[in-house]
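Undergrad: Provided below: coords-v6.cif, containing mmCIF, C-alpha atoms.
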data_protein
loop_
_atom_site.group_PDB
_atom_site.id
_atom_site.type_symbol
_atom_site.label_atom_id
_atom_site.label_comp_id
_atom_site.auth_asym_id
_atom_site.auth_seq_id
_atom_site.Cartn_x
_atom_site.Cartn_y
_atom_site.Cartn_z
ATOM 1 C CA MET A 219 68.394 0.454 58.492
ATOM 2 C CA ASP A 220 68.825 -1.870 61.457
ATOM 3 C CA ARG A 221 72.148 -0.531 62.777
ATOM 4 C CA SER A 222 72.648 -3.442 65.184
ATOM 5 C CA ARG A 223 72.888 -5.894 62.292
ATOM 6 C CA GLY A 224 74.077 -3.550 59.523
ATOM 7 C CA VAL A 225 71.272 -4.581 57.155
ATOM 8 C CA SER A 226 68.250 -2.797 55.778
ATOM 9 C CA GLU A 227 64.812 -3.936 56.920
ATOM 10 C CA THR A 228 61.920 -4.238 54.530
ATOM 11 C CA ARG A 229 58.539 -2.853 55.602
ATOM 12 C CA PRO A 230 57.167 -6.364 56.461
ATOM 13 C CA GLN A 231 60.287 -7.107 58.538
ATOM 14 C CA HIS A 232 59.906 -3.784 60.321
ATOM 15 C CA HIS A 233 56.228 -4.489 61.116
ATOM 16 C CA ALA A 234 57.050 -8.021 62.313
ATOM 17 C CA ARG A 235 59.769 -6.668 64.611
ATOM 18 C CA ALA A 236 57.403 -3.968 65.897
ATOM 19 C CA ARG A 237 54.768 -6.647 66.705
ATOM 20 C CA LEU A 238 57.396 -8.670 68.607
ATOM 21 C CA GLN A 239 58.422 -5.614 70.614
ATOM 22 C CA LEU A 240 54.793 -4.772 71.417
ATOM 23 C CA ALA A 241 54.112 -8.361 72.491
ATOM 24 C CA ALA A 242 57.195 -8.287 74.721
ATOM 25 C CA ARG A 243 56.084 -5.050 76.367
ATOM 26 C CA LEU A 244 52.606 -6.471 76.927
ATOM 27 C CA ARG A 245 53.984 -9.761 78.262
ATOM 28 C CA ALA A 246 56.248 -7.848 80.654
ATOM 29 C CA ARG A 247 53.155 -6.101 82.075
ATOM 30 C CA ILE A 248 51.072 -9.232 82.594
ATOM 31 C CA SER A 249 51.977 -12.485 84.249
ATOM 32 C CA TRP A 250 52.362 -15.737 82.316
ATOM 33 C CA HIS A 251 49.300 -16.960 84.229
ATOM 34 C CA GLU A 252 47.181 -14.005 83.116
ATOM 35 C CA HIS A 253 48.321 -14.483 79.514
ATOM 36 C CA LEU A 254 47.388 -18.174 79.459
ATOM 37 C CA CYS A 255 44.030 -17.487 81.121
ATOM 38 C CA GLN A 256 43.089 -15.444 78.072
ATOM 39 C CA THR A 257 43.375 -18.537 75.851
ATOM 40 C CA LEU A 258 41.138 -21.502 75.083
ATOM 41 C CA VAL A 259 39.248 -23.334 77.819
ATOM 42 C CA SER A 260 38.588 -26.973 77.007
ATOM 43 C CA GLY A 261 35.016 -28.212 76.828
ATOM 44 C CA GLY A 262 35.868 -31.571 78.409
ATOM 45 C CA GLY A 263 36.992 -33.646 75.416
ATOM 46 C CA ILE A 264 40.449 -34.877 74.487
ATOM 47 C CA VAL A 265 42.671 -31.999 73.416
ATOM 48 C CA ARG A 266 45.352 -32.618 70.801
ATOM 49 C CA LEU A 267 48.461 -30.459 70.969
ATOM 50 C CA ASP A 268 48.894 -30.275 67.207
ATOM 51 C CA GLY A 269 45.817 -28.422 65.981
ATOM 52 C CA ALA A 270 45.516 -25.057 64.294
ATOM 53 C CA VAL A 271 46.144 -22.596 67.114
ATOM 54 C CA GLU A 272 47.660 -19.249 66.197
ATOM 55 C CA ALA A 273 51.071 -18.682 67.752
ATOM 56 C CA GLU A 274 51.745 -15.786 70.105
ATOM 57 C CA THR A 275 55.196 -14.416 69.304
ATOM 58 C CA SER A 276 57.284 -12.307 71.668
ATOM 59 C CA VAL A 277 60.772 -11.590 72.932
ATOM 60 C CA PRO A 278 62.004 -11.638 76.540
ATOM 61 C CA PRO A 279 61.635 -8.250 78.252
ATOM 62 C CA ALA A 280 64.836 -6.193 77.896
ATOM 63 C CA GLU A 281 65.470 -6.201 81.653
ATOM 64 C CA ARG A 282 65.586 -10.033 81.643
ATOM 65 C CA LEU A 283 67.705 -10.489 78.509
ATOM 66 C CA VAL A 284 71.261 -11.709 79.165
ATOM 67 C CA SER A 285 72.467 -12.414 75.615
ATOM 68 C CA GLY A 286 71.304 -12.896 72.044
ATOM 69 C CA ALA A 287 68.036 -11.807 70.478
ATOM 70 C CA PRO A 288 65.721 -14.763 71.112
ATOM 71 C CA GLU A 289 62.235 -14.919 69.667
ATOM 72 C CA LEU A 290 59.649 -16.921 71.595
ATOM 73 C CA GLU A 291 56.534 -18.584 70.227
ATOM 74 C CA VAL A 292 53.741 -20.137 72.278
ATOM 75 C CA ARG A 293 50.628 -22.052 71.268
ATOM 76 C CA ASN A 294 48.435 -22.729 74.288
ATOM 77 C CA TYR A 295 46.004 -25.554 73.444
ATOM 78 C CA PHE A 296 44.405 -26.126 76.811
ATOM 79 C CA THR A 297 43.327 -24.110 79.832
ATOM 80 C CA ASP A 298 41.223 -25.837 82.481
ATOM 81 C CA ARG A 299 38.100 -24.246 83.905
ATOM 82 C CA SER A 300 39.888 -23.257 87.130
ATOM 83 C CA GLN A 301 42.512 -21.459 85.001
ATOM 84 C CA GLN A 302 45.299 -23.065 86.999
ATOM 85 C CA PHE A 303 46.417 -25.734 84.483
ATOM 86 C CA PHE A 304 47.675 -25.102 80.939
ATOM 87 C CA ALA A 305 49.194 -27.221 78.169
ATOM 88 C CA GLY A 306 50.654 -26.410 74.794
ATOM 89 C CA ARG A 307 53.746 -25.971 72.667
ATOM 90 C CA TRP A 308 56.537 -23.420 72.955
ATOM 91 C CA ALA A 309 59.571 -22.680 70.783
ATOM 92 C CA ALA A 310 62.507 -20.284 70.951
ATOM 93 C CA THR A 311 65.545 -19.196 68.987
ATOM 94 C CA ARG A 312 69.025 -18.849 70.501
ATOM 95 C CA GLY A 313 69.569 -16.534 73.439
ATOM 96 C CA LYS A 314 69.680 -16.368 77.225
ATOM 97 C CA TRP A 315 67.353 -14.641 79.692
ATOM 98 C CA ARG A 316 66.593 -14.547 83.407
ATOM 99 C CA VAL A 317 63.546 -16.459 84.684
ATOM 100 C CA ARG A 318 61.553 -16.515 87.931
ATOM 101 C CA TYR A 319 58.952 -19.290 88.040
ATOM 102 C CA THR A 320 55.718 -18.833 89.991
ATOM 103 C CA GLU A 321 54.291 -21.968 88.348
ATOM 104 C CA ASN A 322 55.296 -25.653 88.199
ATOM 105 C CA GLU A 323 56.110 -26.633 84.617
ATOM 106 C CA LEU A 324 56.610 -30.036 83.023
ATOM 107 C CA CYS A 325 58.727 -29.649 79.867
ATOM 108 C CA VAL A 326 59.286 -32.263 77.155
ATOM 109 C CA LEU A 327 61.913 -30.960 74.758
ATOM 110 C CA THR A 328 61.003 -31.970 71.202
ATOM 111 C CA ALA A 329 63.813 -30.178 69.351
ATOM 112 C CA GLY A 330 67.075 -28.390 70.041
ATOM 113 C CA ARG A 331 69.287 -28.015 73.088
ATOM 114 C CA ILE A 332 68.953 -25.795 76.164
ATOM 115 C CA ALA A 333 70.683 -25.079 79.470
ATOM 116 C CA ILE A 334 68.960 -23.985 82.655
ATOM 117 C CA GLU A 335 71.061 -22.578 85.474
ATOM 118 C CA ASP A 336 69.810 -21.791 88.956
ATOM 119 C CA GLU A 337 70.768 -18.709 90.941
ATOM 120 C CA HIS A 338 73.540 -20.694 92.690
ATOM 121 C CA GLY A 339 75.212 -21.754 89.431
ATOM 122 C CA ALA A 340 73.931 -25.361 89.188
ATOM 123 C CA ARG A 341 73.526 -25.975 85.434
ATOM 124 C CA SER A 342 71.434 -28.629 83.675
ATOM 125 C CA GLU A 343 71.475 -29.234 79.913
ATOM 126 C CA PHE A 344 68.669 -30.886 77.969
ATOM 127 C CA VAL A 345 68.282 -32.143 74.390
ATOM 128 C CA ALA A 346 65.351 -33.276 72.266
ATOM 129 C CA GLY A 347 63.633 -36.218 73.986
ATOM 130 C CA ASP A 348 64.465 -35.083 77.528
ATOM 131 C CA ALA A 349 61.699 -34.358 80.027
ATOM 132 C CA PHE A 350 62.072 -32.309 83.215
ATOM 133 C CA VAL A 351 60.121 -30.224 85.731
ATOM 134 C CA VAL A 352 60.882 -26.638 86.698
ATOM 135 C CA PRO A 353 59.323 -26.094 90.145
ATOM 136 C CA ALA A 354 57.566 -22.952 91.329
ATOM 137 C CA GLY A 355 60.093 -20.713 93.051
ATOM 138 C CA PHE A 356 62.929 -21.516 90.625
ATOM 139 C CA VAL A 357 65.112 -18.471 89.890
ATOM 140 C CA GLY A 358 67.889 -18.539 87.318
ATOM 141 C CA THR A 359 68.484 -18.384 83.573
ATOM 142 C CA TRP A 360 67.098 -20.178 80.543
ATOM 143 C CA GLU A 361 69.545 -20.479 77.631
ATOM 144 C CA VAL A 362 68.677 -21.775 74.173
ATOM 145 C CA LEU A 363 71.887 -23.282 72.761
ATOM 146 C CA GLU A 364 70.181 -24.603 69.593
ATOM 147 C CA ASP A 365 66.765 -23.399 68.418
ATOM 148 C CA CYS A 366 64.337 -25.453 70.475
ATOM 149 C CA ALA A 367 60.745 -26.553 70.898
ATOM 150 C CA LYS A 368 58.915 -28.132 73.830
ATOM 151 C CA ILE A 369 55.564 -29.418 74.948
ATOM 152 C CA TYR A 370 54.597 -27.899 78.284
ATOM 153 C CA ALA A 371 52.126 -28.567 81.068
ATOM 154 C CA ILE A 372 51.881 -25.800 83.650
ATOM 155 C CA PHE A 373 50.159 -25.729 87.010
ATOM 156 C CA GLU A 374 49.967 -22.432 88.866
ATOM 157 C CA ALA A 375 48.093 -22.532 92.129
ATOM 158 C CA ARG A 376 45.916 -19.554 92.934
ATOM 159 C CA SER A 377 47.218 -17.448 95.753
#
Just give me the structure of the file as structure tokens.
TA:
Amino acid sequence: MDRSRGVSETRPQHHARARLQLAARLRARISWHEHLCQTLVSGGGIVRLDGAVEAETSVPPAERLVSGAPELEVRNYFTDRSQQFFAGRWAATRGKWRVRYTENELCVLTAGRIAIEDEHGARSEFVAGDAFVVPAGFVGTWEVLEDCAKIYAIFEARS
């Protein structure tokens, strides 16, 4: 029984939750950059962001979680040969967690509603259709107010 929700879990639900927890622990140990570098490298042709790429599912690490029980899903469709530029799709369910960006990220929200707040309390809200950039060095929180999805393009310079 899942005591936090007061409902019984079936074996498939239990295994799915266990996979999410394992993915979160793994993600907490490796950087976003290292994770994306393990994905596809384009051969030089046009890359569509709607093909059959298996989703990586995870949850924010417990030490970053502020509220809720968000589940995150990423499909990285492109990694350049230098492994500094990445593009794909990302989705999340409701919740709030702390973030610290080492990469520059262009986000185009395709569904839902989110709020991003910097460490000084400046808050920005975005809805489907909005586009924005989160610069390297940003520290704050990411809050999913309505289940969301985005297209991302990330550049992380090598140190």
Undergrad: With all atoms listed in the file as the counted atoms, please give the residues lying no more than 12 Å from A:Ile332, apart from itself and same-chain residues fewer than 6 positions off, as number ranges by chain.
TA: A: 309-315, 325-326, 341-350, 359-368
Undergrad: I need the residues from that last selection saved to file as a compact mmCIF listing (two decimals), keeping the file's coordinate frame (with C-alpha atoms), if you can.
TA:
# COMPACT_ATOMS: atom_id res chain seq x y z
CA ALA A 309 59.57 -22.68 70.78
CA ALA A 310 62.51 -20.28 70.95
CA THR A 311 65.54 -19.20 68.99
CA ARG A 312 69.03 -18.85 70.50
CA GLY A 313 69.57 -16.53 73.44
CA LYS A 314 69.68 -16.37 77.22
CA TRP A 315 67.35 -14.64 79.69
CA CYS A 325 58.73 -29.65 79.87
CA VAL A 326 59.29 -32.26 77.16
CA ARG A 341 73.53 -25.98 85.43
CA SER A 342 71.43 -28.63 83.68
CA GLU A 343 71.47 -29.23 79.91
CA PHE A 344 68.67 -30.89 77.97
CA VAL A 345 68.28 -32.14 74.39
CA ALA A 346 65.35 -33.28 72.27
CA GLY A 347 63.63 -36.22 73.99
CA ASP A 348 64.46 -35.08 77.53
CA ALA A 349 61.70 -34.36 80.03
CA PHE A 350 62.07 -32.31 83.22
CA THR A 359 68.48 -18.38 83.57
CA TRP A 360 67.10 -20.18 80.54
CA GLU A 361 69.54 -20.48 77.63
CA VAL A 362 68.68 -21.78 74.17
CA LEU A 363 71.89 -23.28 72.76
CA GLU A 364 70.18 -24.60 69.59
CA ASP A 365 66.76 -23.40 68.42
CA CYS A 366 64.34 -25.45 70.47
CA ALA A 367 60.74 -26.55 70.90
CA LYS A 368 58.92 -28.13 73.83
Undergrad: Mind pulling up the distance from atom CA of A:Val317 to atom CA of A:Gly355?
TA: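 Taking atom CA of A:Gly355 and atom CA of A:Val317, their separation equals 10.0 Å.
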Undergrad: Please measure the separation of atom CA of A:Ala354 and atom CA of A:Glu323, giving the value in Å to one decimal.
TA: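 It comes out at 7.8 Å.
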Undergrad: Could you check how far atom CA of A:Arg316 sits from atom CA of A:Val271, in Å to one decimal?
TA: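 Between atom CA of A:Arg316 and atom CA of A:Val271 the gap is 27.4 Å.
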Undergrad: If you count only C-alpha atoms, which residues fall within 8 Å of A:Glu291, apart from same-chain ones fewer than 2 positions away, as a PyMOL selection string?
TA: chain A and resi 273-276+289+293+308-310
Undergrad: So, counting all atoms listed in the file, which residue among A:Val265, A:Ala329, A:Val351, A:Leu324 is closest to A:Ala371?
TA: A:Leu324
Undergrad: Closest to A:Ile369 among A:Val357, A:Val292, A:Val284, A:Ile334, using only C-alpha atoms?
TA: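 Under the stated criterion, the closest residue is A:Val292.
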Undergrad: When you count all atoms listed in the file, which of these residues is closest to A:Leu267: A:Pro353, A:Phe304, A:Leu327, A:Phe296?
TA: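 Among the listed residues, the smallest separation from A:Leu267 belongs to A:Phe296.
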Undergrad: Since the input lacks some atoms of stretch 272-295 of chain A, please model N, CA and C atoms and print them as a short mmCIF file (atom, residue, chain, number, x, y, z; two decimals), in the coordinates of the input.
TA:
data_model
loop_
_atom_site.label_atom_id
_atom_site.label_comp_id
_atom_site.auth_asym_id
_atom_site.auth_seq_id
_atom_site.Cartn_x
_atom_site.Cartn_y
_atom_site.Cartn_z
N GLU A 272 46.74 -20.31 66.60
CA GLU A 272 47.66 -19.25 66.20
C GLU A 272 48.72 -19.03 67.27
N ALA A 273 49.95 -18.88 66.83
CA ALA A 273 51.07 -18.68 67.75
C ALA A 273 51.11 -17.24 68.24
N GLU A 274 51.43 -17.08 69.52
CA GLU A 274 51.74 -15.79 70.10
C GLU A 274 53.25 -15.67 70.03
N THR A 275 53.76 -14.61 69.45
CA THR A 275 55.20 -14.42 69.30
C THR A 275 55.63 -13.24 70.15
N SER A 276 56.78 -13.39 70.83
CA SER A 276 57.28 -12.31 71.67
C SER A 276 58.79 -12.43 71.80
N VAL A 277 59.36 -11.54 72.57
CA VAL A 277 60.77 -11.59 72.93
C VAL A 277 60.84 -11.40 74.44
N PRO A 278 61.90 -11.88 75.09
CA PRO A 278 62.00 -11.64 76.54
C PRO A 278 62.09 -10.13 76.81
N PRO A 279 61.51 -9.67 77.91
CA PRO A 279 61.64 -8.25 78.25
C PRO A 279 63.11 -7.86 78.36
N ALA A 280 63.44 -6.66 77.94
CA ALA A 280 64.84 -6.19 77.90
C ALA A 280 65.54 -6.34 79.24
N GLU A 281 64.82 -6.12 80.34
CA GLU A 281 65.47 -6.20 81.65
C GLU A 281 65.82 -7.64 82.05
N ARG A 282 65.27 -8.63 81.35
CA ARG A 282 65.59 -10.03 81.64
C ARG A 282 66.61 -10.62 80.67
N LEU A 283 66.82 -9.96 79.55
CA LEU A 283 67.70 -10.49 78.51
C LEU A 283 69.16 -10.46 78.96
N VAL A 284 69.85 -11.60 78.81
CA VAL A 284 71.26 -11.71 79.17
C VAL A 284 72.11 -11.66 77.90
N SER A 285 71.71 -12.42 76.87
CA SER A 285 72.47 -12.41 75.61
C SER A 285 71.59 -12.86 74.45
N GLY A 286 72.01 -12.50 73.25
CA GLY A 286 71.30 -12.90 72.04
C GLY A 286 70.08 -12.04 71.80
N ALA A 287 69.29 -12.48 70.83
CA ALA A 287 68.04 -11.81 70.48
C ALA A 287 66.97 -12.88 70.24
N PRO A 288 66.66 -13.65 71.29
CA PRO A 288 65.72 -14.76 71.11
C PRO A 288 64.31 -14.30 70.78
N GLU A 289 63.65 -15.11 69.96
CA GLU A 289 62.24 -14.92 69.67
C GLU A 289 61.50 -16.13 70.22
N LEU A 290 60.41 -15.87 70.93
CA LEU A 290 59.65 -16.92 71.60
C LEU A 290 58.29 -17.07 70.91
N GLU A 291 57.82 -18.31 70.85
CA GLU A 291 56.53 -18.58 70.23
C GLU A 291 55.78 -19.57 71.11
N VAL A 292 54.54 -19.25 71.44
CA VAL A 292 53.74 -20.14 72.28
C VAL A 292 52.39 -20.39 71.62
N ARG A 293 51.97 -21.64 71.71
CA ARG A 293 50.63 -22.05 71.27
C ARG A 293 50.00 -22.79 72.45
N ASN A 294 49.10 -22.10 73.15
CA ASN A 294 48.44 -22.73 74.29
C ASN A 294 47.18 -23.43 73.78
N TYR A 295 47.12 -24.75 73.94
CA TYR A 295 46.00 -25.55 73.44
C TYR A 295 44.96 -25.85 74.50
#
